[in-house]
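What follows is a set of notes on a single structure, which appears directly below.
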Amino acid sequence: MTADFDLDPPDVRLLELAARAPGAHILAIGDGADDWAAAGQQVAVPCRVEAIEAGPDIAELLGKRGIRHVFIMRHSGKDLASVLDGLNRMLGFSRIDLILFGDFEARAELPPVAGRLASHGYRLFGIQEDGLFKEFTFWIEGLPYRRYLAIHQRVADLILFSVHRALDLAGLCERFGVEIRGLIHLGAHEGQELTSYRKIGQFPVTLVEAHPEIFQRLIANISDAADVFAVHAAVTDRDGLVTLHVSAHDQSSSVLPIGAMQRLIPTTVEQGTIEVPGRSLDSLFGEWRSRSHEAALANVMVSDIQGAELLALSGAGETLPQFDAIILEVSFDDLYAGCAQVEEIDQFMGAAGFERIATVSTWHPSWSDAFYLRHS
């Protein structure tokens, strides 16, 4: 740390957490930003910690620096509301995970700040003298504190408790009145999710896997299931052979070359490529409908195809209208070369009549599983 600047223990704790995500962006704004950034860089060595000037063009400034996803934003002093105004789009797309702020006139400034952050899906905490975080739900509960922490709900369990909690498909479908008549899972690997689907109810399940060796293991795992079907294909925007980039971590192979994922998880290094059959969803469902196959009944889709979600959606123009709910993996970094970002997925799904209702980062803030619900 710098000779004349000591970080508070909660700041150190969060910076040490950030250090587990090499390359993560950490920003310091406001009073003491330069000193805080210099001290923070020594704690979060593999991250990019930098001080920036607040202003109406702050989003443009971040764009020029190539910063699209911020793990921690630290702000001290007044005018946080104006900073949040400038970052409204990033807040709207869940691109700032944690916000440390304080040292302002709480009674005057906390109400609008708390309201803004809560509306964007942040959970609000006061930082106590012992360094622990105390959650509050109404701004007046935050008045006793000098400093605060806002954590976006998509990463809250991961950050606070190191809990790898996935989306609750059954709970979400029950909450929004979605009756599952059939389900298709893209990137099903060895069929690990089948047990959880069976707990929801009895309906046809179609499991799609691209890697030929993993597909054989999938077949073995479902051999005695009458209404579970397996398809060997990479779902993309067209039919025909496609190149699969094979990862050393066999759940991370993709039709896209591996990008930042290798930096975040070194075991995802690419081992080579193979050619596999590619199918579009329109082609698959068209075939099933022509044969009156049970797989054609699917009204819920789960996709875990490593950054290729937009390719799969682009080949589903005729099929998307039959889905009531879709779970997609959305990216906040260039995890795979050319992978669609959360904004692009939201825009595409919005045009198709869906809204993102819930978002959870199960393993890392750079990607999430998102639940999209068809508008009623």
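Identifiers in this document derive from the order of the structure tokens: chains are assigned A, B, ..., residues are numbered from 1 separately in each chain, and ligands are numbered from 1 in order of occurrence.
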
Residue neighbourhood Gln347 of chain A, 12 Å, only C-alpha atoms, exclusion window fewer than 4 positions, as a PyMOL selection string = chain A and resi 93+310+313+340-343+351-356+372

Residues within 10 Å of Ala188 of chain A, only C-alpha atoms, excluding chain neighbours under 3 positions, as an NGL selection string | :A and (184-185 or 191-194 or 206-210 or 214-215 or 218 or 230-231 or 251 or 302-305)

Enumerate the residues of segment 65-230 of chain A with a DSSP assignment of alpha helix (DSSP H), computed from the backbone, and present them as JSON, numbers by chain.
-> {"A": [80, 81, 82, 83, 84, 85, 86, 88, 89, 90, 91, 92, 106, 107, 108, 109, 110, 111, 112, 113, 114, 115, 116, 117, 118, 119, 156, 157, 158, 159, 160, 161, 169, 170, 171, 172, 173, 174, 175, 194, 195, 196, 197, 198, 199, 200, 212, 213, 214, 215, 216, 217, 218, 219, 220, 221]}

Requested write-out: C-alpha atoms of the selected residues, as an mmCIF file, in the first residue's frame:
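Result file result31.cif:
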```
data_model
loop_
_atom_site.group_PDB
_atom_site.id
_atom_site.type_symbol
_atom_site.label_atom_id
_atom_site.label_comp_id
_atom_site.auth_asym_id
_atom_site.auth_seq_id
_atom_site.Cartn_x
_atom_site.Cartn_y
_atom_site.Cartn_z
ATOM 1 C CA LEU A 80 -22.521 9.792 -6.462
ATOM 2 C CA ALA A 81 -25.984 10.327 -7.951
ATOM 3 C CA SER A 82 -24.506 12.097 -10.976
ATOM 4 C CA VAL A 83 -21.945 9.303 -11.431
ATOM 5 C CA LEU A 84 -24.766 6.759 -11.416
ATOM 6 C CA ASP A 85 -26.581 8.885 -14.010
ATOM 7 C CA GLY A 86 -23.577 8.602 -16.300
ATOM 8 C CA ASN A 88 -27.108 4.181 -16.076
ATOM 9 C CA ARG A 89 -26.747 1.859 -19.068
ATOM 10 C CA MET A 90 -24.075 -0.240 -17.352
ATOM 11 C CA LEU A 91 -26.259 -0.460 -14.256
ATOM 12 C CA GLY A 92 -29.229 -1.499 -16.354
ATOM 13 C CA ALA A 106 -26.462 10.411 4.160
ATOM 14 C CA ARG A 107 -29.808 12.002 5.034
ATOM 15 C CA ALA A 108 -29.785 14.101 1.867
ATOM 16 C CA GLU A 109 -27.981 11.835 -0.590
ATOM 17 C CA LEU A 110 -28.808 8.286 0.477
ATOM 18 C CA PRO A 111 -32.528 8.244 -0.519
ATOM 19 C CA PRO A 112 -32.030 8.857 -4.273
ATOM 20 C CA VAL A 113 -28.898 6.700 -4.416
ATOM 21 C CA ALA A 114 -30.562 3.811 -2.570
ATOM 22 C CA GLY A 115 -33.648 4.069 -4.763
ATOM 23 C CA ARG A 116 -31.622 4.104 -7.965
ATOM 24 C CA LEU A 117 -29.523 1.110 -6.967
ATOM 25 C CA ALA A 118 -32.473 -0.925 -5.704
ATOM 26 C CA SER A 119 -34.324 -0.320 -8.981
ATOM 27 C CA ALA A 156 -24.797 -11.673 -4.180
ATOM 28 C CA ASP A 157 -24.708 -15.315 -3.070
ATOM 29 C CA LEU A 158 -21.403 -15.878 -4.825
ATOM 30 C CA ILE A 159 -19.786 -12.801 -3.244
ATOM 31 C CA LEU A 160 -21.273 -12.938 0.240
ATOM 32 C CA PHE A 161 -21.374 -16.636 0.931
ATOM 33 C CA LEU A 169 -36.289 -23.411 -12.740
ATOM 34 C CA ALA A 170 -39.123 -25.095 -10.835
ATOM 35 C CA GLY A 171 -39.693 -22.086 -8.587
ATOM 36 C CA LEU A 172 -39.589 -19.591 -11.437
ATOM 37 C CA CYS A 173 -42.015 -21.608 -13.559
ATOM 38 C CA GLU A 174 -44.410 -21.954 -10.631
ATOM 39 C CA ARG A 175 -44.140 -18.255 -9.794
ATOM 40 C CA LEU A 194 -32.052 -34.741 -15.748
ATOM 41 C CA THR A 195 -32.542 -35.594 -12.072
ATOM 42 C CA SER A 196 -33.605 -32.023 -11.278
ATOM 43 C CA TYR A 197 -35.991 -31.993 -14.255
ATOM 44 C CA ARG A 198 -37.587 -35.202 -13.027
ATOM 45 C CA LYS A 199 -38.208 -33.580 -9.640
ATOM 46 C CA ILE A 200 -40.272 -30.910 -11.393
ATOM 47 C CA PRO A 212 -19.107 -37.212 -29.721
ATOM 48 C CA GLU A 213 -17.357 -38.836 -26.745
ATOM 49 C CA ILE A 214 -19.461 -36.978 -24.195
ATOM 50 C CA PHE A 215 -22.555 -37.830 -26.237
ATOM 51 C CA GLN A 216 -21.798 -41.536 -25.823
ATOM 52 C CA ARG A 217 -21.644 -41.077 -22.047
ATOM 53 C CA LEU A 218 -24.926 -39.188 -22.223
ATOM 54 C CA ILE A 219 -26.538 -42.073 -24.102
ATOM 55 C CA ALA A 220 -25.361 -44.521 -21.436
ATOM 56 C CA ASN A 221 -26.783 -42.346 -18.665
#
```

Do you know which residues are at most 12 Å from Leu17 of chain A counting only C-alpha atoms, after dropping those on the same chain fewer than 2 positions away, and could you put them as a PyMOL selection string?
-> chain A and resi 10-15+19-22+24+26+40+43-47+71-72+98+158-162+364-365

Can you spit out the residues from that selection as a tab-separated table (two decimals), in the first residue's frame, using N, CA and C atoms?
```
chain	number	residue	atom	x	y	z
A	10	PRO	N	-12.86	-3.95	5.20
A	10	PRO	CA	-13.82	-4.47	4.21
A	10	PRO	C	-13.34	-4.28	2.77
A	11	ASP	N	-12.65	-3.16	2.51
A	11	ASP	CA	-12.12	-2.93	1.17
A	11	ASP	C	-11.08	-4.00	0.83
A	12	VAL	N	-10.22	-4.30	1.78
A	12	VAL	CA	-9.19	-5.32	1.56
A	12	VAL	C	-9.83	-6.66	1.28
A	13	ARG	N	-10.87	-6.99	2.05
A	13	ARG	CA	-11.55	-8.27	1.86
A	13	ARG	C	-12.12	-8.39	0.45
A	14	LEU	N	-12.75	-7.32	-0.03
A	14	LEU	CA	-13.34	-7.36	-1.36
A	14	LEU	C	-12.27	-7.36	-2.45
A	15	LEU	N	-11.19	-6.64	-2.24
A	15	LEU	CA	-10.10	-6.64	-3.21
A	15	LEU	C	-9.43	-8.01	-3.29
A	19	ALA	N	-9.13	-10.47	-6.57
A	19	ALA	CA	-7.86	-11.03	-7.05
A	19	ALA	C	-8.01	-12.45	-7.57
A	20	ARG	N	-9.13	-13.09	-7.24
A	20	ARG	CA	-9.37	-14.45	-7.76
A	20	ARG	C	-9.88	-14.41	-9.20
A	21	ALA	N	-10.15	-13.21	-9.69
A	21	ALA	CA	-10.64	-13.05	-11.07
A	21	ALA	C	-9.62	-12.23	-11.86
A	22	PRO	N	-8.56	-12.84	-12.35
A	22	PRO	CA	-7.51	-12.10	-13.06
A	22	PRO	C	-8.08	-11.26	-14.20
A	24	ALA	N	-9.91	-8.56	-13.81
A	24	ALA	CA	-11.12	-7.82	-13.44
A	24	ALA	C	-10.82	-6.33	-13.32
A	26	ILE	N	-11.38	-2.72	-11.61
A	26	ILE	CA	-11.76	-2.09	-10.34
A	26	ILE	C	-11.52	-0.60	-10.50
A	40	GLY	N	-5.06	-0.32	-3.68
A	40	GLY	CA	-5.85	-1.46	-4.11
A	40	GLY	C	-5.13	-2.34	-5.09
A	43	VAL	N	-3.13	-5.03	-3.52
A	43	VAL	CA	-3.90	-6.14	-2.96
A	43	VAL	C	-4.42	-7.04	-4.08
A	44	ALA	N	-5.03	-6.41	-5.07
A	44	ALA	CA	-5.61	-7.16	-6.20
A	44	ALA	C	-4.62	-7.13	-7.36
A	45	VAL	N	-3.51	-7.78	-7.19
A	45	VAL	CA	-2.40	-7.69	-8.14
A	45	VAL	C	-2.79	-8.09	-9.57
A	46	PRO	N	-3.54	-9.18	-9.77
A	46	PRO	CA	-3.83	-9.58	-11.16
A	46	PRO	C	-4.96	-8.79	-11.81
A	47	CYS	N	-5.52	-7.83	-11.09
A	47	CYS	CA	-6.64	-7.03	-11.61
A	47	CYS	C	-6.15	-5.68	-12.12
A	71	PHE	N	-15.93	-4.99	-11.72
A	71	PHE	CA	-16.16	-5.85	-10.56
A	71	PHE	C	-16.43	-5.01	-9.31
A	72	ILE	N	-15.58	-4.02	-9.06
A	72	ILE	CA	-15.78	-3.12	-7.91
A	72	ILE	C	-15.66	-1.68	-8.38
A	98	LEU	N	-20.14	-4.71	-7.75
A	98	LEU	CA	-20.13	-4.17	-6.39
A	98	LEU	C	-19.84	-2.68	-6.43
A	158	LEU	N	-22.78	-15.52	-4.49
A	158	LEU	CA	-21.40	-15.88	-4.83
A	158	LEU	C	-20.41	-15.03	-4.03
A	159	ILE	N	-20.70	-13.73	-3.92
A	159	ILE	CA	-19.79	-12.80	-3.24
A	159	ILE	C	-19.88	-12.94	-1.73
A	160	LEU	N	-21.09	-12.97	-1.21
A	160	LEU	CA	-21.27	-12.94	0.24
A	160	LEU	C	-21.00	-14.28	0.91
A	161	PHE	N	-21.41	-15.33	0.26
A	161	PHE	CA	-21.37	-16.64	0.93
A	161	PHE	C	-20.59	-17.71	0.17
A	162	SER	N	-20.03	-17.37	-1.00
A	162	SER	CA	-19.36	-18.34	-1.86
A	162	SER	C	-20.27	-19.52	-2.16
A	364	HIS	N	-18.98	-17.47	-11.56
A	364	HIS	CA	-18.06	-16.34	-11.77
A	364	HIS	C	-18.87	-15.15	-12.28
A	365	PRO	N	-18.52	-13.92	-11.84
A	365	PRO	CA	-19.28	-12.74	-12.28
A	365	PRO	C	-19.23	-12.46	-13.77
```

Excluding same-chain residues fewer than 3 positions from segment 288-294 of chain A, what lies within 10 Å of it counting only C-alpha atoms, as an MDAnalysis selection string?
-> chainID A and resid 181:182 203:206 227:229 282:285 297:298

What separates atom CA of Leu87 of chain A and atom CA of Tyr145 of chain A is a distance of 24.4 Å

DSSP says strand (DSSP E or B) for which residues of segment 300-353 of chain A? Put them as a PyMOL selection string?
-> chain A and resi 300-303+325-331+336+341

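Atom to atom, atom CA of Gly63 of chain A and atom CA of Gly338 of chain A stand 17.6 Å apart.
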
Glu309 of chain A environment, 10 Å, only C-alpha atoms, sequence neighbours closer than 5 positions dropped, as a count of residues only | 15

Considering only C-alpha atoms, return as a list in words whatever protein or nucleic-acid residues lie within 7 Å of segment 146-154 of chain A, sequence-local ones (same chain, fewer than 2 positions apart) excluded.
-> Asp97, Leu98, Ile99, Leu100, Phe101, Gly102, Asp103, Gly121, Tyr122, Arg123, Leu124, Phe125, Gly126, Ile127, Pro144, Ala156, Thr359, Val360 and Ser361 of chain A

Have a look at A:Pro9, A:Gly286, A:Gly177, A:Gly66 and name the one nearest to Leu132 of chain A; count only C-alpha atoms.
->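 Looking only at the distances to Leu132 of chain A, the closest residue turns out to be A:Pro9.
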
Nearest candidate to Val300 of chain A (options A:Glu190, A:Glu105, A:Asp79, A:Asp324; using only C-alpha atoms) | A:Asp324

Residue among A:Glu135, A:Glu179, A:Asp369, A:Asp168 lying closest to Gln202 of chain A, counting only C-alpha atoms |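 Closest candidate: A:Glu179.
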
Determine, counting only C-alpha atoms, which protein, DNA and RNA residues have an atom within 9 Å of an atom of His249 of chain A; residues of the same chain fewer than 5 positions away are not included. Present the result as a ChimeraX atom specification.
-> /A:267-270

Store the residues of this selection in a file with N, CA and C atoms, as a tab-separated table (two decimals), in the first residue's frame.
```tsv
chain	number	residue	atom	x	y	z
A	267	THR	N	-7.83	-24.23	-17.04
A	267	THR	CA	-8.08	-25.58	-17.54
A	267	THR	C	-8.94	-25.60	-18.80
A	268	THR	N	-9.43	-24.44	-19.23
A	268	THR	CA	-10.24	-24.40	-20.45
A	268	THR	C	-9.39	-24.25	-21.71
A	269	VAL	N	-8.10	-24.42	-21.61
A	269	VAL	CA	-7.22	-24.28	-22.77
A	269	VAL	C	-7.71	-25.17	-23.91
A	270	GLU	N	-7.65	-24.63	-25.13
A	270	GLU	CA	-8.11	-25.38	-26.29
A	270	GLU	C	-7.11	-26.47	-26.67
```
